[in-house]
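S.K.: Dropping the structure in here first, questions after.
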Amino acid sequence: MIFCYTIIMKKTIILFLLIIFSLSFSASAVSDFARSRIFYDDQYMLLITHPNENSRVTTSSRMSFLGDSDKRHRVYINGEQVATTENGFFTYYAELELGENQFLIVNGIHSELITITREEPAQWLPPETVYFTDEIFGTVEADFVPRFAYFDDDMNAKTPLMSGTTFRILGERGDYYIIGDGTMLFKNHVKRLAQPISELIISGGEITASGNNINISFDVSDNPLYEIILDEETAVLILYADTDLSELNTAPPHITQISKSVQASPSAVEYNIEFARVPVGYMVGFADGRMNIAFRFAPADLSQAFVLLDAGHGGADPGALGPPGEFGSMEKDFNLYVAEVARDYLLNAGIDTLLIRDTNEFVPIMERVEYFALEPDISVSVHANSAPLSADFSSFSGPLMYFTLDISEDTASNMIELINSEVDGFTPHAALPWHRRQNFAMARYTGGPSMLFEMGFMCNPTEYELMLHYAYLDRLGTALGMSIEQYIKGLITAENPEAAETFAPLPPLPPPPVVYDIEDTHPVLLHIYTPEDVDSAVNKYIILIASVIFAGVLLCLPSILRRR
C-alpha cells in the first residue's frame, strides 16, 4: 500500500511539473508570438484609430480622422472618396457643426457610423494671482525640476533646479508657486517647509579643476535658489541669499577673470566668470552644507566622450499610435529601433554610448532623468511625433528636434539640419523651424546639450507607411548617429584644431533607395499575420496542453487500476 502510494505521489508530481512546463511554454510562445506581431497589419477590416471613444466630444470646429482600411476597396466618408496609401492607411479632415455630427465610413463590406459632438467652449478665466503675507519656504525633491519666467506666454524654461534647492514662496497662481526670484514652479514639484528659515547665508568660495570640469563651491546655511547663464566663454552665476560672505579669486589658467556684484531686491549675489575655454554645460549639487557648481568642457578625444540615448515610451506605454492603432507598429517600436541603430553607429565610431532601454520595457520618466547623473556629453531622447485631433494630420511631416534650454539650441539646429539633409528625398521637410523650444523632461539636462528627436509624424498616413520600412529607419538612425558624432568632433577640434587632421570625414550615406513600393524593399510589414494565423497559433497551444494532460493521465492509470 505504501509502495503504491509512493508511486502515485511521484507520478502526480511528474504530472504537475508537466502541466507547469506546458503552461510556461505556452505563455512563452504566446509572448514570442506577440512580439512577432508588433508589425501586424490587418488588411481585411476597417479600423478607426482616431478619434477614439474618449475624444468624440470636442469644442473644436474641425477634427481629423485616422484609420486603416481593407486596401482592396476604396474608403468613403459621407459619400466622399478619401485618399488612401498603398497599405490602406487614410486620414480625413472634417468640418464640425455645433451639436451632433455623423460620419458614415464605408470600406467594401465594412462600415462604421461615428458621431462627433461639438460643444460651445467654456469661458476661460485666467487664474488669480495671490501673494502670501507670511514667510513661507519650499524645496524641490527631484533633479532638473523646471521653472518658468513669470507671465511668459511661451513658458520658456529657466535654469532647472536640483534636489534640495530651497527658496521663499511669494505666492501662487493656479497650478504654480511664485518663488523668490519671481519665476514659477509647478506646485506638485514643491515641498513646503513646516517652519520658515531665519536667514539664508552664503560664505567661502573655492575653485578647483578635475578632469574636464572646473568646480566652484560655496559654504551654504541652506541650499540657495540659483540661476546660471552661459554665453560662450562667460558664465553668470546668481545666488539668492539674505547674507553674502563669499569670495571667489581668479584661478589661472582655467579662469581669466571674475567680477562680483550684489543686488538688493531680491537679495542676491552675482558672479561674472570668464573662462579660458568654452564650457559646454554645468552640473549643480548640494551635500553636507556645500553647494558645488561643476562647469563641464569638451572631451580631449572621442574615447573620452560619452553619449546618452533614450528610446521613448516602452512596455505598457505605447506612445503615439499610427493608422492601424495597436494592430501595427507603435511609437515605442520605432523609437527603440532607431535608437539602437544610432547607438551601434556611435559605438562603431569609438564613442561610448548608453541606451537607457534596449528592450520593450516601461521606464518611468524620473528613472530616465536619473541617468543624467552619469554626466553625458550629449543626451538625445528618440520619439515619433503626433498632432492634436483638431489639426489637419496630412499637413504634418518630417523630423524635428526639440530643445528646452538655451545651451542646446545651436546643437539642436545643426543636428536636425544634417538629419534632414540625409533623409531628403524620402519625405517632405517639416515646416521651418526644424528645431523648436519645448519643455520636455529629457531635454532639461544642463551638463551638455540635451534634446528630444522626433523622427516623423505617426498621424500622417504617408509618413507612417514610410516609417514601416527598415531602409528608412536605418537611414534615420544612422543620420542621428552621424549628427551626434559631428557635434562631438566639433567640440574636440574647437579645443584642439590639430585634432581635425585625425578625423576621417563623415561617410556619406548612399543615395536614398525607392521605399514607396512595399513589396520590393523588404519593409517591416513583410511578415503579415491574418486572423487565421492567430486562430491557428491558439489551436496549437490548446492541443499542446491537452496532449500533456492526456499523457499524465495515461502515466497514472496503471497505478489507479492496481489499487482497485
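Here, A, B, ... name the chains of the C-alpha cells in the order displayed, residue numbers run from 1 inside each chain, and ligands are numbered from 1 in the same displayed order.
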For the contact check between region 454-477 of chain A and region 316-319 of chain A, emit one row per residue of region 454-477 of chain A within 12 Å, containing the shortest atom pair and the distance in Å rounded to one decimal, counting only C-alpha atoms, chain then rising number order, as JSON lines.
M.R.:
{"residue": "A:Phe457", "atom": "CA", "partner": "A:Gly319", "partner_atom": "CA", "distance": 11.9}
{"residue": "A:Met458", "atom": "CA", "partner": "A:Gly319", "partner_atom": "CA", "distance": 9.8}
{"residue": "A:Cys459", "atom": "CA", "partner": "A:Gly319", "partner_atom": "CA", "distance": 12.0}
S.K.: Pick out the residues sitting within 6 Å of region 50-66 of chain A, and hand them over as a CSV table (one decimal) with N, CA and C atoms, in the first residue's frame; count only C-alpha atoms, and ignore anything fewer than 6 positions along from it in its own chain.
M.R.:
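Everything below was put into result.csv:
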chain,number,residue,atom,x,y,z
A,90,PHE,N,-5.4,56.0,-44.1
A,90,PHE,CA,-6.0,57.2,-44.5
A,90,PHE,C,-6.2,58.2,-43.4
A,91,THR,N,-6.4,59.5,-43.8
A,91,THR,CA,-6.8,60.5,-42.8
A,91,THR,C,-7.9,61.4,-43.5
A,92,TYR,N,-8.7,62.0,-42.7
A,92,TYR,CA,-9.8,62.9,-43.3
A,92,TYR,C,-10.0,64.0,-42.3
A,93,TYR,N,-10.0,65.2,-42.9
A,93,TYR,CA,-10.2,66.4,-42.0
A,93,TYR,C,-11.6,66.9,-42.2
A,94,ALA,N,-12.3,66.9,-41.1
A,94,ALA,CA,-13.8,67.2,-41.2
A,94,ALA,C,-14.2,68.5,-40.5
A,95,GLU,N,-15.1,69.2,-41.1
A,95,GLU,CA,-15.7,70.4,-40.5
A,95,GLU,C,-16.8,69.9,-39.5
A,96,LEU,N,-16.9,70.6,-38.4
A,96,LEU,CA,-17.9,70.2,-37.4
A,96,LEU,C,-18.8,71.4,-37.1
A,116,ILE,N,-19.7,62.7,-33.7
A,116,ILE,CA,-18.8,63.6,-33.0
A,116,ILE,C,-19.7,64.8,-32.5
A,117,THR,N,-19.6,65.1,-31.3
A,117,THR,CA,-20.4,66.1,-30.7
A,117,THR,C,-19.5,67.3,-30.4
A,118,ARG,N,-19.9,68.5,-31.1
A,118,ARG,CA,-19.2,69.7,-30.9
A,118,ARG,C,-20.0,70.6,-29.9
A,119,GLU,N,-19.3,71.0,-28.8
A,119,GLU,CA,-19.9,71.8,-27.8
A,119,GLU,C,-19.3,73.2,-27.8
A,120,GLU,N,-20.1,74.2,-27.3
A,120,GLU,CA,-19.6,75.5,-27.1
A,120,GLU,C,-18.4,75.5,-26.1
A,121,PRO,N,-17.3,76.2,-26.4
A,121,PRO,CA,-16.2,76.2,-25.4
A,121,PRO,C,-16.6,77.0,-24.2
A,323,PRO,N,-2.1,54.8,-38.0
A,323,PRO,CA,-3.4,54.4,-38.6
A,323,PRO,C,-3.9,53.0,-38.1
A,389,LEU,N,-5.9,66.4,-32.4
A,389,LEU,CA,-7.0,65.9,-33.2
A,389,LEU,C,-7.6,67.1,-34.0
A,390,SER,N,-7.5,68.3,-33.5
A,390,SER,CA,-8.1,69.4,-34.2
A,390,SER,C,-7.3,69.9,-35.4
A,392,ASP,N,-5.0,69.3,-39.0
A,392,ASP,CA,-5.0,68.5,-40.3
A,392,ASP,C,-3.8,67.6,-40.3
S.K.: Which residues are near Met467 (chain A)? Cut-off 10 Å, only C-alpha atoms, ignore same chain within fewer than 5 positions. Put them as a ChimeraX atom specification.
M.R.: /A:329,334,384,455-458,461-462,472-474,476,515,523-524
S.K.: Have a look at CA of Ala276 (chain A) and CA of Thr234 (chain A) and let me know their distance in Å, one decimal.
M.R.: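 Result for CA of Ala276 (chain A) versus CA of Thr234 (chain A): 9.2 Å, one decimal.
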S.K.: Hey, which of A:Gly108, A:Gly79, A:Pro146, A:Pro507 ends up closest to Ala349 (chain A)? Count only C-alpha atoms.
M.R.: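 Looking only at the distances to Ala349 (chain A), the closest residue turns out to be A:Pro507.
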S.K.: With only C-alpha atoms counted and 10 Å as the cut-off, give the residues of region 423-493 of chain A in contact with region 293-313 of chain A, each with its shortest interatomic distance in Å and the pair that gives it, as a Markdown table.
M.R.:
| residue | atom | partner | partner_atom | distance |
| --- | --- | --- | --- | --- |
| A:Met442 | CA | A:Asp310 | CA | 8.4 |
| A:Thr446 | CA | A:Arg296 | CA | 9.7 |
| A:Gly447 | CA | A:Arg296 | CA | 6.6 |
| A:Gly448 | CA | A:Arg296 | CA | 7.7 |
| A:Ser450 | CA | A:Leu308 | CA | 9.2 |
| A:Leu452 | CA | A:Asp310 | CA | 9.0 |
| A:Phe453 | CA | A:Gly312 | CA | 9.8 |
| A:Ile484 | CA | A:Val307 | CA | 8.3 |
| A:Glu485 | CA | A:Leu302 | CA | 8.8 |
| A:Ile488 | CA | A:Leu302 | CA | 7.4 |
| A:Lys489 | CA | A:Leu302 | CA | 7.4 |
| A:Gly490 | CA | A:Ala298 | CA | 9.4 |
| A:Leu491 | CA | A:Ala298 | CA | 5.6 |
| A:Ile492 | CA | A:Ala300 | CA | 6.1 |
| A:Thr493 | CA | A:Asp301 | CA | 9.1 |
S.K.: Tell me, in Å to one decimal, how far CA of Leu193 (chain A) is from CA of Pro127 (chain A).
M.R.: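 According to the coordinates, CA of Leu193 (chain A) and CA of Pro127 (chain A) are separated by 24.3 Å.
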S.K.: Kindly assemble as a tab-separated table a list of the region 229-300 of chain A residues that lie within 9 Å of region 162-169 of chain A, each paired with its nearest atom pair and their distance in Å to one decimal, using only C-alpha atoms, sorted first by chain and then by ascending residue number.
M.R.:
residue	atom	partner	partner_atom	distance
A:Tyr240	CA	A:Phe167	CA	8.2
A:Ala241	CA	A:Phe167	CA	9.0
A:Met283	CA	A:Met162	CA	8.9
A:Val284	CA	A:Met162	CA	6.7
A:Gly285	CA	A:Met162	CA	6.8
A:Phe286	CA	A:Gly164	CA	6.9
S.K.: Pick out the residues sitting within 10 Å of region 137-140 of chain A, and hand them over as a PyMOL selection string; count only C-alpha atoms, and ignore anything fewer than 2 positions along from it in its own chain.
M.R.: chain A and resi 134-135+142-145+161-170+177+179-180+185+187-197+223-225
S.K.: With only C-alpha atoms as the counted atoms, please give the residues lying no more than 12 Å from Met482 (chain A), apart from itself and same-chain residues fewer than 3 positions off, as a ChimeraX atom specification.
M.R.: /A:341-349,351,414-422,475-479,485-489,505-509
S.K.: Please give the complete set of residues from region 299-375 of chain A that DSSP, run on the backbone, assigns to strand (DSSP E), formatted as a list in words.
M.R.: Phe306, Val307, Leu308, Leu309, Asp310, Ala311, Asp352, Thr353, Leu354 and Leu355 of chain A
S.K.: Next, the residues of the selection above should be written as a short mmCIF file (atom, residue, chain, number, x, y, z; two decimals), in the first residue's frame with N, CA and C atoms.
M.R.:
data_model
loop_
_atom_site.label_atom_id
_atom_site.label_comp_id
_atom_site.auth_asym_id
_atom_site.auth_seq_id
_atom_site.Cartn_x
_atom_site.Cartn_y
_atom_site.Cartn_z
N PHE A 306 31.08 60.58 -24.02
CA PHE A 306 30.02 59.69 -23.55
C PHE A 306 28.68 60.24 -23.99
N VAL A 307 27.87 59.39 -24.63
CA VAL A 307 26.57 59.77 -25.18
C VAL A 307 25.47 58.98 -24.47
N LEU A 308 24.40 59.66 -24.12
CA LEU A 308 23.23 59.00 -23.52
C LEU A 308 22.08 59.06 -24.52
N LEU A 309 21.54 57.89 -24.87
CA LEU A 309 20.39 57.80 -25.77
C LEU A 309 19.20 57.22 -25.01
N ASP A 310 18.03 57.72 -25.33
CA ASP A 310 16.80 57.27 -24.68
C ASP A 310 15.78 56.93 -25.75
N ALA A 311 15.28 55.69 -25.75
CA ALA A 311 14.19 55.30 -26.64
C ALA A 311 12.88 55.54 -25.90
N ASP A 352 31.69 55.97 -26.61
CA ASP A 352 30.97 55.25 -25.56
C ASP A 352 29.52 55.74 -25.53
N THR A 353 28.58 54.82 -25.66
CA THR A 353 27.17 55.20 -25.76
C THR A 353 26.32 54.26 -24.92
N LEU A 354 25.39 54.83 -24.17
CA LEU A 354 24.47 54.05 -23.34
C LEU A 354 23.05 54.29 -23.81
N LEU A 355 22.30 53.21 -24.02
CA LEU A 355 20.88 53.28 -24.37
C LEU A 355 20.08 52.91 -23.12
#
S.K.: If we count only C-alpha atoms and set the cut-off at 12 Å, which residues sit around Asn249 (chain A), ignoring sequence neighbours fewer than 4 positions away in its own chain? Please answer as a CSV table (one decimal) with C-alpha atoms, in the first residue's frame.
M.R.:
chain,number,residue,atom,x,y,z
A,204,GLY,CA,33.5,80.8,1.5
A,205,GLY,CA,34.4,80.2,-2.1
A,206,GLU,CA,36.8,77.7,-3.8
A,207,ILE,CA,37.8,76.9,-7.3
A,208,THR,CA,39.3,73.5,-8.3
A,216,ILE,CA,33.2,76.2,-7.9
A,217,SER,CA,31.9,75.6,-4.4
A,254,HIS,CA,41.2,78.0,-16.2
A,255,ILE,CA,39.5,81.3,-15.4
A,256,THR,CA,40.7,84.6,-16.8
A,257,GLN,CA,38.5,87.0,-14.8
A,258,ILE,CA,35.9,87.1,-12.0
A,259,SER,CA,33.7,90.1,-11.0
A,260,LYS,CA,31.1,90.3,-8.3
A,271,TYR,CA,29.4,86.4,-10.2
A,272,ASN,CA,30.5,87.0,-13.8
A,273,ILE,CA,33.1,84.4,-14.7
A,274,GLU,CA,35.2,84.4,-17.8
S.K.: Between A:Ile202, A:Leu248, A:Leu468, A:Leu400, which one has atoms that come closest to Met451 (chain A), using only C-alpha atoms?
M.R.: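 Of all the options, A:Leu400 lies closest to Met451 (chain A).
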S.K.: Determine, counting only C-alpha atoms, which protein, DNA and RNA residues have an atom within 8 Å of an atom of Met184 (chain A); residues of the same chain fewer than 2 positions away are not included. Present the result as a list of chain:residue names.
M.R.: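 So, after excluding close chain neighbours, the residues are A:Arg147, A:Phe148, A:Ala149, A:Tyr150, A:Tyr176, A:Tyr177, A:Ile178, A:Ile179, A:Gly182, A:Phe186.
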S.K.: To one decimal place in Å, what is the distance between CA of Asn78 (chain A) and CA of Ala320 (chain A)?
M.R.: 27.2 Å
S.K.: Where does DSSP see helix (DSSP H, G or I) in region 294-451 of chain A, if you list the residues as a PyMOL selection string?
M.R.: chain A and resi 302-304+325-327+331-348+365-374+393-395+406-422+441-443
